[in-house]
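Colleague: One file: start-v1.cif (mmCIF, C-alpha atoms).
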```cif
data_data
#
loop_
_atom_site.label_atom_id
_atom_site.label_comp_id
_atom_site.auth_asym_id
_atom_site.auth_seq_id
_atom_site.Cartn_x
_atom_site.Cartn_y
_atom_site.Cartn_z
CA MET A 177 -4.40 38.23 17.41
CA ARG A 178 -2.44 35.19 18.51
CA THR A 179 -1.17 32.49 16.17
CA VAL A 180 -2.22 28.89 16.73
CA ARG A 181 0.29 26.35 15.47
CA VAL A 182 -0.98 23.63 13.14
CA PHE A 183 0.32 20.11 13.73
CA ASP A 184 -0.76 18.03 10.74
CA THR A 185 -1.04 14.30 11.39
CA THR A 186 -2.59 13.23 8.07
CA LEU A 187 0.39 10.99 7.32
CA ARG A 188 0.32 9.31 10.72
CA ASP A 189 -3.12 9.26 12.31
CA GLY A 190 -4.87 10.03 9.03
CA GLU A 191 -3.14 7.11 7.33
CA GLN A 192 -4.53 4.84 10.05
CA ALA A 193 -7.99 5.25 8.49
CA PRO A 194 -8.93 1.87 7.00
CA GLY A 195 -7.98 1.85 3.33
CA ALA A 196 -5.83 4.99 3.49
CA SER A 197 -2.38 3.35 3.55
CA LEU A 198 0.12 5.04 1.22
CA ASP A 199 3.24 3.73 -0.44
CA GLN A 200 6.46 5.67 0.00
CA SER A 201 6.24 7.83 -3.12
CA ALA A 202 2.60 8.70 -2.41
CA LYS A 203 3.46 9.57 1.15
CA VAL A 204 6.22 11.94 0.03
CA ARG A 205 3.93 13.59 -2.51
CA ALA A 206 1.27 14.06 0.17
CA ALA A 207 3.86 15.49 2.56
CA GLN A 208 4.95 18.05 -0.02
CA ALA A 209 1.36 19.12 -0.63
CA ILE A 210 0.68 19.46 3.09
CA ALA A 211 3.91 21.37 3.64
CA SER A 212 2.90 23.84 0.93
CA LEU A 213 -0.19 24.67 2.98
CA GLY A 214 2.06 26.24 5.59
CA VAL A 215 1.57 23.77 8.44
CA ASP A 216 3.95 24.33 11.34
CA ILE A 217 4.60 20.66 12.16
CA LEU A 218 4.16 17.71 9.84
CA GLU A 219 3.94 14.31 11.52
CA ALA A 220 5.47 12.00 8.91
CA GLY A 221 4.65 8.67 10.53
CA PHE A 222 5.55 6.02 13.09
CA PRO A 223 9.08 4.78 12.25
CA ALA A 224 9.04 1.78 14.61
CA ALA A 225 5.97 0.33 12.88
CA SER A 226 7.85 -1.22 9.95
CA ALA A 227 10.95 -0.92 7.79
CA GLY A 228 8.87 0.70 5.03
CA GLU A 229 7.38 3.23 7.41
CA PHE A 230 10.86 4.05 8.78
CA GLU A 231 12.20 4.75 5.28
CA ALA A 232 9.16 6.84 4.33
CA VAL A 233 9.63 9.04 7.41
CA ALA A 234 13.37 9.29 6.72
CA ARG A 235 12.76 10.33 3.12
CA ILE A 236 10.23 12.98 4.13
CA ALA A 237 12.71 14.26 6.71
CA ARG A 238 15.38 14.57 4.01
CA GLU A 239 13.24 15.97 1.19
CA VAL A 240 10.41 18.06 2.64
CA ARG A 241 11.25 21.58 3.73
CA GLY A 242 9.22 24.19 5.57
CA PRO A 243 7.56 22.58 8.59
CA THR A 244 9.20 20.84 11.52
CA ILE A 245 9.11 17.11 10.75
CA ALA A 246 7.76 14.95 13.55
CA ALA A 247 7.70 11.19 14.14
CA LEU A 248 5.63 9.21 16.63
CA ALA A 249 7.17 6.97 19.28
CA ARG A 250 5.74 4.92 22.10
CA ALA A 251 7.29 5.57 25.48
CA SER A 252 10.04 3.02 24.93
CA THR A 253 13.73 3.33 24.19
CA GLY A 254 13.48 1.35 20.94
CA ASP A 255 10.69 3.49 19.50
CA VAL A 256 12.33 6.76 20.52
CA GLU A 257 15.68 5.79 19.02
CA ALA A 258 14.03 4.63 15.79
CA ALA A 259 12.29 8.00 15.54
CA GLY A 260 15.55 9.81 16.18
CA ARG A 261 17.31 7.92 13.38
CA ALA A 262 14.47 8.44 10.92
CA LEU A 263 14.44 12.18 11.59
CA SER A 264 18.20 12.66 11.32
CA GLY A 265 17.94 14.31 7.90
CA ALA A 266 15.36 16.92 8.92
CA ARG A 267 16.28 20.57 9.21
CA ARG A 268 14.19 20.67 12.37
CA SER A 269 12.93 17.52 14.06
CA ARG A 270 10.38 16.64 16.72
CA ILE A 271 9.89 13.30 18.47
CA HIS A 272 6.30 12.83 19.57
CA VAL A 273 6.28 10.47 22.56
CA PHE A 274 3.06 8.99 23.89
CA ILE A 275 1.78 6.63 26.54
CA ALA A 276 -1.75 5.83 27.70
CA THR A 277 -2.82 7.23 31.06
CA SER A 278 -6.41 6.04 31.56
CA ASP A 279 -6.95 3.14 33.93
CA VAL A 280 -8.64 1.04 31.24
CA HIS A 281 -5.61 1.41 28.96
CA LEU A 282 -3.06 0.91 31.71
CA GLU A 283 -4.75 -2.17 33.14
CA LYS A 284 -6.19 -3.87 30.06
CA LYS A 285 -3.83 -2.87 27.24
CA LEU A 286 -0.43 -2.00 28.71
CA ARG A 287 -0.67 -3.92 32.00
CA LEU A 288 1.28 -1.19 33.75
CA THR A 289 0.90 0.42 37.12
CA ARG A 290 0.67 4.19 37.42
CA SER A 291 4.18 4.27 38.87
CA GLU A 292 5.53 2.35 35.88
CA CYS A 293 3.72 4.74 33.54
CA LEU A 294 5.39 7.71 35.21
CA ALA A 295 8.82 6.06 35.04
CA ARG A 296 8.42 5.28 31.33
CA THR A 297 7.30 8.82 30.64
CA THR A 298 10.36 10.33 32.27
CA ALA A 299 12.85 7.94 30.68
CA SER A 300 11.46 8.12 27.16
CA VAL A 301 11.12 11.89 27.09
CA ALA A 302 14.63 12.32 28.47
CA ARG A 303 16.02 10.08 25.73
CA ALA A 304 14.01 11.90 23.04
CA VAL A 305 15.45 15.23 24.19
CA GLU A 306 18.89 13.86 23.31
CA LEU A 307 17.85 12.88 19.78
CA ALA A 308 15.64 15.66 18.41
CA ASP A 309 15.34 19.42 18.32
CA GLU A 310 11.94 19.30 20.00
CA VAL A 311 9.93 16.82 22.05
CA GLU A 312 6.17 16.62 22.31
CA PHE A 313 4.43 14.38 24.82
CA SER A 314 0.90 12.97 24.56
CA ALA A 315 -1.15 11.17 27.19
CA GLU A 316 -3.27 8.74 25.19
CA ASP A 317 -6.92 8.64 26.32
CA ALA A 318 -6.38 11.75 28.41
CA THR A 319 -10.08 12.59 28.55
CA ARG A 320 -10.88 9.31 30.35
CA SER A 321 -7.90 9.55 32.71
CA ASP A 322 -7.90 10.48 36.37
CA VAL A 323 -7.28 14.23 36.33
CA ASP A 324 -4.74 14.24 39.15
CA PHE A 325 -2.77 11.37 37.62
CA LEU A 326 -2.91 13.03 34.19
CA ALA A 327 -1.45 16.19 35.70
CA ALA A 328 1.31 14.16 37.37
CA VAL A 329 2.24 12.50 34.07
CA PHE A 330 2.32 15.82 32.25
CA GLN A 331 4.47 17.31 35.01
CA ALA A 332 6.91 14.41 34.70
CA ALA A 333 7.10 14.86 30.92
CA ALA A 334 7.68 18.60 31.22
CA ALA A 335 10.35 18.08 33.89
CA ALA A 336 12.13 15.62 31.58
CA GLY A 337 12.23 18.17 28.75
CA ALA A 338 9.00 17.97 26.73
CA ARG A 339 8.17 21.48 25.54
CA THR A 340 4.79 20.64 23.99
CA ILE A 341 2.17 18.88 26.08
CA ASN A 342 -0.63 17.35 24.03
CA ILE A 343 -4.06 16.46 25.41
CA PRO A 344 -5.70 13.80 23.20
CA ASP A 345 -9.39 12.99 23.18
CA THR A 346 -8.42 9.61 21.77
CA VAL A 347 -11.90 8.12 21.53
CA GLY A 348 -13.90 11.27 20.84
CA TYR A 349 -15.50 11.10 24.27
CA ALA A 350 -15.26 14.70 25.52
CA GLN A 351 -17.83 17.46 25.23
CA PRO A 352 -16.64 20.97 24.31
CA ALA A 353 -17.13 22.68 27.68
CA GLU A 354 -15.72 19.65 29.47
CA PHE A 355 -12.67 19.54 27.19
CA ALA A 356 -12.01 23.26 27.59
CA ALA A 357 -12.16 22.80 31.38
CA LEU A 358 -9.62 19.96 31.16
CA ALA A 359 -7.27 22.12 29.10
CA LEU A 360 -7.52 24.91 31.64
CA ALA A 361 -6.90 22.46 34.51
CA MET A 362 -3.75 21.10 32.85
CA ARG A 363 -2.45 24.60 32.11
CA SER A 364 -2.96 25.45 35.76
CA ALA A 365 -1.24 22.22 36.92
CA LEU A 366 1.84 23.07 34.83
CA ALA A 367 1.87 26.79 35.53
CA THR A 368 5.43 26.59 36.87
CA HIS A 369 6.67 25.21 33.53
CA ALA A 370 6.75 28.52 31.70
CA ARG A 371 8.29 27.16 28.49
CA VAL A 372 5.61 24.53 27.88
CA ARG A 373 3.07 24.91 25.05
CA PHE A 374 -0.26 23.11 25.15
CA SER A 375 -1.80 21.20 22.27
CA VAL A 376 -4.90 19.11 21.62
CA HIS A 377 -5.67 16.07 19.46
CA CYS A 378 -9.37 15.32 18.98
CA HIS A 379 -11.19 12.39 17.42
CA ASN A 380 -14.61 12.56 15.84
CA ASP A 381 -16.49 9.58 17.27
CA LEU A 382 -19.36 11.83 18.37
CA GLY A 383 -18.88 14.38 15.59
CA LEU A 384 -17.28 16.84 18.01
CA ALA A 385 -13.61 16.82 16.98
CA VAL A 386 -13.58 20.33 15.52
CA ALA A 387 -15.89 21.70 18.23
CA ASN A 388 -13.63 20.30 20.96
CA THR A 389 -10.52 21.62 19.22
CA LEU A 390 -12.00 25.11 18.97
CA ALA A 391 -13.15 24.99 22.60
CA ALA A 392 -9.56 24.22 23.60
CA VAL A 393 -8.26 27.12 21.49
CA GLU A 394 -10.72 29.36 23.28
CA ALA A 395 -9.27 28.02 26.53
CA GLY A 396 -5.80 29.12 25.43
CA VAL A 397 -4.06 26.13 23.84
CA GLU A 398 -1.36 27.10 21.35
CA GLN A 399 -1.36 24.11 18.97
CA VAL A 400 -3.95 21.88 17.28
CA HIS A 401 -3.59 18.41 15.77
CA VAL A 402 -5.59 18.11 12.55
CA THR A 403 -5.80 16.04 9.36
CA VAL A 404 -6.71 16.93 5.78
CA ASN A 405 -10.33 15.92 5.07
CA GLY A 406 -10.66 14.86 8.71
CA LEU A 407 -9.06 11.48 7.99
CA GLY A 408 -8.21 9.19 10.88
CA GLU A 409 -9.13 6.18 12.95
CA ARG A 410 -12.84 5.28 13.12
CA GLY A 411 -14.77 8.57 12.66
CA GLY A 412 -11.59 10.49 11.92
CA ASN A 413 -9.75 13.45 13.41
CA ALA A 414 -10.41 17.16 13.62
CA SER A 415 -10.52 18.45 10.05
CA LEU A 416 -7.69 20.82 9.12
CA GLU A 417 -9.80 22.84 6.69
CA GLU A 418 -12.74 23.23 9.07
CA THR A 419 -10.57 24.18 12.04
CA VAL A 420 -8.51 26.68 10.04
CA MET A 421 -11.51 28.39 8.45
CA ALA A 422 -13.49 28.49 11.70
CA LEU A 423 -10.63 30.40 13.30
CA ARG A 424 -10.22 32.68 10.28
CA CYS A 425 -13.91 33.42 9.76
CA ARG A 426 -14.51 33.95 13.47
CA ALA A 427 -11.31 35.71 14.42
CA ASP A 428 -13.59 38.19 16.17
CA TRP A 429 -14.57 35.41 18.58
CA TYR A 430 -11.37 33.43 19.01
CA GLY A 431 -8.81 36.20 18.61
CA ALA A 432 -6.61 33.63 16.88
CA ASP A 433 -5.52 32.55 13.41
CA THR A 434 -3.08 30.16 11.76
CA ALA A 435 -0.38 30.55 9.12
CA ILE A 436 -2.20 28.26 6.68
CA ALA A 437 -2.44 29.38 3.03
CA SER A 438 -6.19 28.79 2.88
CA GLU A 439 -6.39 29.24 -0.90
CA ARG A 440 -4.61 25.87 -1.19
CA LEU A 441 -7.13 23.94 0.91
CA VAL A 442 -9.22 22.58 -1.96
CA SER A 443 -6.26 21.46 -4.07
CA THR A 444 -4.63 19.78 -1.07
CA SER A 445 -7.89 18.05 -0.17
CA ARG A 446 -8.12 16.67 -3.71
CA ILE A 447 -4.52 15.43 -3.66
CA ILE A 448 -5.05 13.58 -0.37
CA SER A 449 -8.36 12.14 -1.59
CA GLU A 450 -6.70 10.94 -4.81
CA LEU A 451 -3.73 9.37 -3.04
CA THR A 452 -5.74 7.62 -0.32
CA GLY A 453 -8.65 6.66 -2.56
CA ILE A 454 -11.07 8.03 0.04
CA PRO A 455 -13.57 10.45 -1.52
CA VAL A 456 -14.70 13.67 0.11
CA GLN A 457 -18.42 13.70 0.84
CA PRO A 458 -20.25 16.35 -1.23
CA ASN A 459 -21.64 18.16 1.81
CA LYS A 460 -18.25 18.34 3.57
CA ALA A 461 -17.64 21.84 4.90
CA VAL A 462 -15.14 24.02 2.99
CA VAL A 463 -13.83 21.42 0.52
CA GLY A 464 -16.92 19.35 -0.37
CA ALA A 465 -18.38 19.73 -3.88
CA ASN A 466 -21.53 21.35 -2.46
CA ALA A 467 -19.77 23.77 -0.09
CA PHE A 468 -20.44 26.70 -2.45
CA ALA A 469 -23.28 25.20 -4.53
CA HIS A 470 -26.74 26.77 -4.43
CA ALA A 471 -29.84 24.90 -5.63
CA SER A 472 -32.75 26.62 -3.86
CA GLY A 473 -34.34 29.51 -5.75
CA ILE A 474 -34.44 31.61 -2.59
CA HIS A 475 -30.74 31.05 -1.94
CA GLN A 476 -29.81 31.64 -5.56
CA ASP A 477 -31.67 34.93 -5.61
CA GLY A 478 -29.93 36.08 -2.44
CA VAL A 479 -26.40 35.02 -3.33
CA LEU A 480 -26.65 36.54 -6.81
CA LYS A 481 -27.71 39.86 -5.31
CA ASP A 482 -25.03 39.76 -2.60
CA PRO A 483 -22.89 36.65 -1.86
CA ARG A 484 -22.83 37.56 1.83
CA THR A 485 -26.47 36.56 2.14
CA TYR A 486 -25.55 32.86 2.10
CA GLU A 487 -21.74 32.65 2.10
CA ILE A 488 -19.57 33.42 5.11
CA MET A 489 -16.35 33.06 3.11
CA THR A 490 -15.58 33.42 -0.58
CA PRO A 491 -15.04 30.32 -2.71
CA GLN A 492 -11.69 31.73 -3.82
CA SER A 493 -10.47 32.10 -0.22
CA VAL A 494 -10.26 28.31 0.09
CA GLY A 495 -9.32 27.45 -3.47
CA TRP A 496 -12.57 27.12 -5.43
CA GLU A 497 -12.73 29.04 -8.72
CA ALA A 498 -16.31 30.20 -8.15
CA ARG A 499 -19.60 29.36 -6.53
CA ARG A 500 -21.92 26.97 -8.39
CA ILE A 501 -25.54 27.61 -9.32
CA VAL A 502 -27.37 24.29 -9.65
CA VAL A 503 -30.57 24.31 -11.71
CA SER A 504 -33.21 21.88 -10.44
CA LYS A 505 -36.93 21.84 -9.77
CA LEU A 506 -36.17 23.99 -6.69
CA SER A 507 -34.52 26.78 -8.68
CA GLY A 508 -35.96 30.17 -9.52
CA ARG A 509 -35.87 32.30 -12.66
CA ARG A 510 -32.92 34.34 -11.42
CA GLY A 511 -30.80 31.23 -10.86
CA LEU A 512 -31.74 29.82 -14.25
CA ALA A 513 -30.92 33.10 -15.98
CA ALA A 514 -27.55 33.29 -14.26
CA ARG A 515 -26.67 29.71 -15.20
CA LEU A 516 -27.67 30.23 -18.83
CA ALA A 517 -25.55 33.38 -18.96
CA GLU A 518 -22.58 31.38 -17.62
CA LEU A 519 -23.07 28.92 -20.48
CA GLY A 520 -23.13 31.72 -23.06
CA VAL A 521 -26.83 31.41 -23.90
CA PRO A 522 -28.44 34.30 -21.97
CA LEU A 523 -32.20 34.73 -22.07
CA GLU A 524 -34.65 37.33 -20.81
CA GLY A 525 -38.29 38.27 -21.06
CA GLU A 526 -40.66 35.80 -22.68
CA ALA A 527 -37.81 33.53 -23.78
CA LEU A 528 -36.69 33.19 -20.16
CA GLU A 529 -40.26 32.39 -19.12
CA ARG A 530 -40.45 29.64 -21.73
CA ALA A 531 -37.06 28.30 -20.62
CA TYR A 532 -38.19 28.30 -16.99
CA THR A 533 -41.28 26.25 -17.84
CA LEU A 534 -39.17 23.73 -19.74
CA ALA A 535 -36.55 23.62 -16.99
CA MET A 536 -39.14 22.89 -14.31
CA ARG A 537 -40.56 20.11 -16.46
CA ARG A 538 -37.10 18.61 -16.83
CA GLY A 539 -36.43 19.14 -13.14
CA ASP A 540 -39.25 16.72 -12.30
CA GLU A 541 -37.30 14.03 -14.17
CA VAL A 542 -33.71 14.56 -12.97
CA HIS A 543 -31.93 15.71 -9.80
CA ALA A 544 -30.19 18.58 -11.59
CA LEU A 545 -30.08 19.86 -15.15
CA ASP A 546 -26.71 19.46 -16.83
CA GLU A 547 -25.16 21.68 -19.51
CA HIS A 548 -26.69 19.68 -22.35
CA ASP A 549 -30.17 20.07 -20.85
CA LEU A 550 -29.77 23.81 -20.36
CA ILE A 551 -28.34 24.53 -23.81
CA ALA A 552 -31.14 22.52 -25.43
CA ILE A 553 -33.72 24.41 -23.37
CA ALA A 554 -32.19 27.78 -24.33
CA ALA A 555 -32.28 26.88 -28.01
CA GLN A 556 -35.92 25.79 -27.74
CA ALA A 557 -36.96 28.84 -25.72
CA ARG A 558 -35.49 31.26 -28.29
CA ARG A 559 -37.94 30.16 -30.95
CA PRO A 560 -41.10 32.21 -31.35
CA MET A 561 -44.17 30.67 -29.71
CA GLU A 562 -45.82 29.74 -33.02
CA GLU A 563 -42.73 27.72 -33.97
CA GLN A 564 -42.58 25.75 -30.74
CA PRO A 565 -42.74 21.99 -31.36
CA THR A 566 -43.56 19.58 -28.59
CA PHE A 567 -40.41 19.47 -26.47
CA THR A 568 -39.23 16.15 -25.09
CA PHE A 569 -35.96 14.87 -23.66
CA ILE A 570 -34.85 11.67 -25.29
CA GLN A 571 -32.86 9.43 -23.02
CA PRO A 572 -30.00 7.67 -24.86
CA THR A 573 -29.99 3.91 -24.96
CA PRO A 574 -27.15 2.20 -23.03
CA ALA A 575 -25.32 1.59 -26.30
CA GLU A 576 -25.67 5.22 -27.38
CA ALA A 577 -24.59 6.47 -23.95
CA THR A 578 -21.31 4.55 -24.14
CA ALA A 579 -20.58 5.15 -27.84
CA ASP A 580 -17.71 7.44 -28.83
#
```
Please rewrite the model in this file as structure tokens.

Modeller:
Amino acid sequence: MRTVRVFDTTLRDGEQAPGASLDQSAKVRAAQAIASLGVDILEAGFPAASAGEFEAVARIAREVRGPTIAALARASTGDVEAAGRALSGARRSRIHVFIATSDVHLEKKLRLTRSECLARTTASVARAVELADEVEFSAEDATRSDVDFLAAVFQAAAAAGARTINIPDTVGYAQPAEFAALALAMRSALATHARVRFSVHCHNDLGLAVANTLAAVEAGVEQVHVTVNGLGERGGNASLEETVMALRCRADWYGADTAIASERLVSTSRIISELTGIPVQPNKAVVGANAFAHASGIHQDGVLKDPRTYEIMTPQSVGWEARRIVVSKLSGRRGLAARLAELGVPLEGEALERAYTLAMRRGDEVHALDEHDLIAIAAQARRPMEEQPTFTFIQPTPAEATAD
């Protein structure tokens, strides 16, 4: 079983999601939460972007312990030196240098020739080596770059001292088999650089960020870039929680795992959601509210008999207290009985049958029955049949609903 290193970029690429910008104190709090997960590298930000960003990175470097603290820098002397200064207080620092290598980026955005790109790569990595404990190099838009030129740029970075070579799928363009083949090609091209580790950074424009990341792990890469809740530019980045749990649940397939404390995934997800103001969709894998919720009667029956029928991991393994049985018009008697027992109003026999009839009637009116509905139904169902009044649900008026 090999260990895949987790490079968390929630506070750099994740913060680039529209609306996710954090002030300094929020950024430090988020960094502490992410560090407690057990990530190997925490990318604190992009120091050259602004004075506020520089100070936030510097404070994280001084105050957050555990992971290596990384900072992003374009392939320029000014950016690299700003990153070096911001990271000076870290126990272990990494400068993450990047430059675009695709023709569309070189010609339209940077207006550089390939020769100039190579020269900048060598100079910036060499300077970063002087200022940090570790240097990582990324070729922006690698998956749309000429493969031979991409290999040449990576070789130049490795020769200048970069010990981690990162392959970004910057625009979420790659397909899993294609991306795995690219990773294998780059490993082969740098075979003489024995000390180099390979990493990947995948975006989710086509919904393939996690799939591409896992394909690269299968191809032998040693590090993955991820973000909490999959935050990031446009469609986001590879989700930390999904990547980690895919490796853990399918260790039989990948032969790999991470050092992440998975039982902290839900709490960390909530902290990041609270700080950024970006909610987690209910059907989000692992940390979404419905990840361990069961509404179908067939599913409820199975999971109550043996959780393995419909759950490939336990709720507790990722930080949920328990699974959730949701009573709706789709539920069965077993699910209703289990939910009533949870609420302290267990029923069986004829009383349960009466409760089921009432619950199905209510289920035609609402998406899911809440605690008040269920307790009222249990109370009604306990009465002998001859005492049963006509049962109706009275909707509160707007004034009553908001009254103390």

Colleague: Can you pull out every residue within 6 Å of segment 371-381 of chain A, counting only C-alpha atoms, but drop anything in the same chain fewer than 4 positions away, and send it as a list in words?

Modeller: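 Within the cut-off, the hits are Arg339, Thr340, Ile341, Asn342, Ile343, Pro344, Asp345, Thr346, Val347, Gly348, Ala385, Val397, Glu398, Gln399, Val400, His401, Gly411, Gly412, Asn413 and Ala414 of chain A.
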
Colleague: Go ahead and write the residues just picked, C-alpha atoms, as a PDB file, in the coordinates of the input.

Modeller:
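What follows is the written file again_7.pdb:
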```pdb
ATOM      1  CA  ARG A 339       8.170  21.480  25.540  1.00  0.00           C
ATOM      2  CA  THR A 340       4.790  20.640  23.990  1.00  0.00           C
ATOM      3  CA  ILE A 341       2.170  18.880  26.080  1.00  0.00           C
ATOM      4  CA  ASN A 342      -0.630  17.350  24.030  1.00  0.00           C
ATOM      5  CA  ILE A 343      -4.060  16.460  25.410  1.00  0.00           C
ATOM      6  CA  PRO A 344      -5.700  13.800  23.200  1.00  0.00           C
ATOM      7  CA  ASP A 345      -9.390  12.990  23.180  1.00  0.00           C
ATOM      8  CA  THR A 346      -8.420   9.610  21.770  1.00  0.00           C
ATOM      9  CA  VAL A 347     -11.900   8.120  21.530  1.00  0.00           C
ATOM     10  CA  GLY A 348     -13.900  11.270  20.840  1.00  0.00           C
ATOM     11  CA  ALA A 385     -13.610  16.820  16.980  1.00  0.00           C
ATOM     12  CA  VAL A 397      -4.060  26.130  23.840  1.00  0.00           C
ATOM     13  CA  GLU A 398      -1.360  27.100  21.350  1.00  0.00           C
ATOM     14  CA  GLN A 399      -1.360  24.110  18.970  1.00  0.00           C
ATOM     15  CA  VAL A 400      -3.950  21.880  17.280  1.00  0.00           C
ATOM     16  CA  HIS A 401      -3.590  18.410  15.770  1.00  0.00           C
ATOM     17  CA  GLY A 411     -14.770   8.570  12.660  1.00  0.00           C
ATOM     18  CA  GLY A 412     -11.590  10.490  11.920  1.00  0.00           C
ATOM     19  CA  ASN A 413      -9.750  13.450  13.410  1.00  0.00           C
ATOM     20  CA  ALA A 414     -10.410  17.160  13.620  1.00  0.00           C
TER      21      ALA A 414
END
```

Colleague: Starting from the PyMOL selection byres ((chain A and resi 333) around 12), expand the selection into actual residues of this file and give them as a PyMOL selection string.

Modeller: chain A and resi 251+272-275+293-305+311-315+326-332+334-342+366+369+372

Colleague: Which residue out of A:Glu306, A:Glu450, A:Glu524, A:Glu257 has the minimum interatomic distance to Ala202 of chain A when all atoms listed in the file are used?

Modeller: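 Smallest distance to Ala202 of chain A is found for A:Glu450.
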
Colleague: Every residue with an atom at most 12 Å from (-5.8, 1.4, 30.4) (file coordinates; only C-alpha atoms) is what I'm after, so could you write them as an NGL selection string?

Modeller: :A and (275-290 or 293 or 315-318 or 320-322)

Colleague: Name the residues that the PyMOL selection byres ((chain A and resi 493-497) around 10) pulls out of this structure, and write them as number ranges by chain.

Modeller: A: 417, 421, 437-444, 462-463, 465, 467-468, 489-492, 498-500

Colleague: Please evaluate the PyMOL selection byres ((chain A and resi 545) around 12) against the structure above and give the resulting residues as a PDB file with C-alpha atoms, in the frame of the given file.

Modeller:
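This is the output file expr-v7.pdb:
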```pdb
ATOM      1  CA  ALA A 471     -29.840  24.900  -5.630  1.00  0.00           C
ATOM      2  CA  ILE A 501     -25.540  27.610  -9.320  1.00  0.00           C
ATOM      3  CA  VAL A 502     -27.370  24.290  -9.650  1.00  0.00           C
ATOM      4  CA  VAL A 503     -30.570  24.310 -11.710  1.00  0.00           C
ATOM      5  CA  SER A 504     -33.210  21.880 -10.440  1.00  0.00           C
ATOM      6  CA  LYS A 505     -36.930  21.840  -9.770  1.00  0.00           C
ATOM      7  CA  LEU A 506     -36.170  23.990  -6.690  1.00  0.00           C
ATOM      8  CA  SER A 507     -34.520  26.780  -8.680  1.00  0.00           C
ATOM      9  CA  LEU A 512     -31.740  29.820 -14.250  1.00  0.00           C
ATOM     10  CA  ARG A 515     -26.670  29.710 -15.200  1.00  0.00           C
ATOM     11  CA  LEU A 516     -27.670  30.230 -18.830  1.00  0.00           C
ATOM     12  CA  TYR A 532     -38.190  28.300 -16.990  1.00  0.00           C
ATOM     13  CA  LEU A 534     -39.170  23.730 -19.740  1.00  0.00           C
ATOM     14  CA  ALA A 535     -36.550  23.620 -16.990  1.00  0.00           C
ATOM     15  CA  MET A 536     -39.140  22.890 -14.310  1.00  0.00           C
ATOM     16  CA  ARG A 537     -40.560  20.110 -16.460  1.00  0.00           C
ATOM     17  CA  ARG A 538     -37.100  18.610 -16.830  1.00  0.00           C
ATOM     18  CA  GLY A 539     -36.430  19.140 -13.140  1.00  0.00           C
ATOM     19  CA  ASP A 540     -39.250  16.720 -12.300  1.00  0.00           C
ATOM     20  CA  GLU A 541     -37.300  14.030 -14.170  1.00  0.00           C
ATOM     21  CA  VAL A 542     -33.710  14.560 -12.970  1.00  0.00           C
ATOM     22  CA  HIS A 543     -31.930  15.710  -9.800  1.00  0.00           C
ATOM     23  CA  ALA A 544     -30.190  18.580 -11.590  1.00  0.00           C
ATOM     24  CA  ASP A 546     -26.710  19.460 -16.830  1.00  0.00           C
ATOM     25  CA  GLU A 547     -25.160  21.680 -19.510  1.00  0.00           C
ATOM     26  CA  HIS A 548     -26.690  19.680 -22.350  1.00  0.00           C
ATOM     27  CA  ASP A 549     -30.170  20.070 -20.850  1.00  0.00           C
ATOM     28  CA  LEU A 550     -29.770  23.810 -20.360  1.00  0.00           C
ATOM     29  CA  ILE A 551     -28.340  24.530 -23.810  1.00  0.00           C
ATOM     30  CA  ALA A 552     -31.140  22.520 -25.430  1.00  0.00           C
ATOM     31  CA  ILE A 553     -33.720  24.410 -23.370  1.00  0.00           C
ATOM     32  CA  PHE A 569     -35.960  14.870 -23.660  1.00  0.00           C
TER      33      PHE A 569
END
```
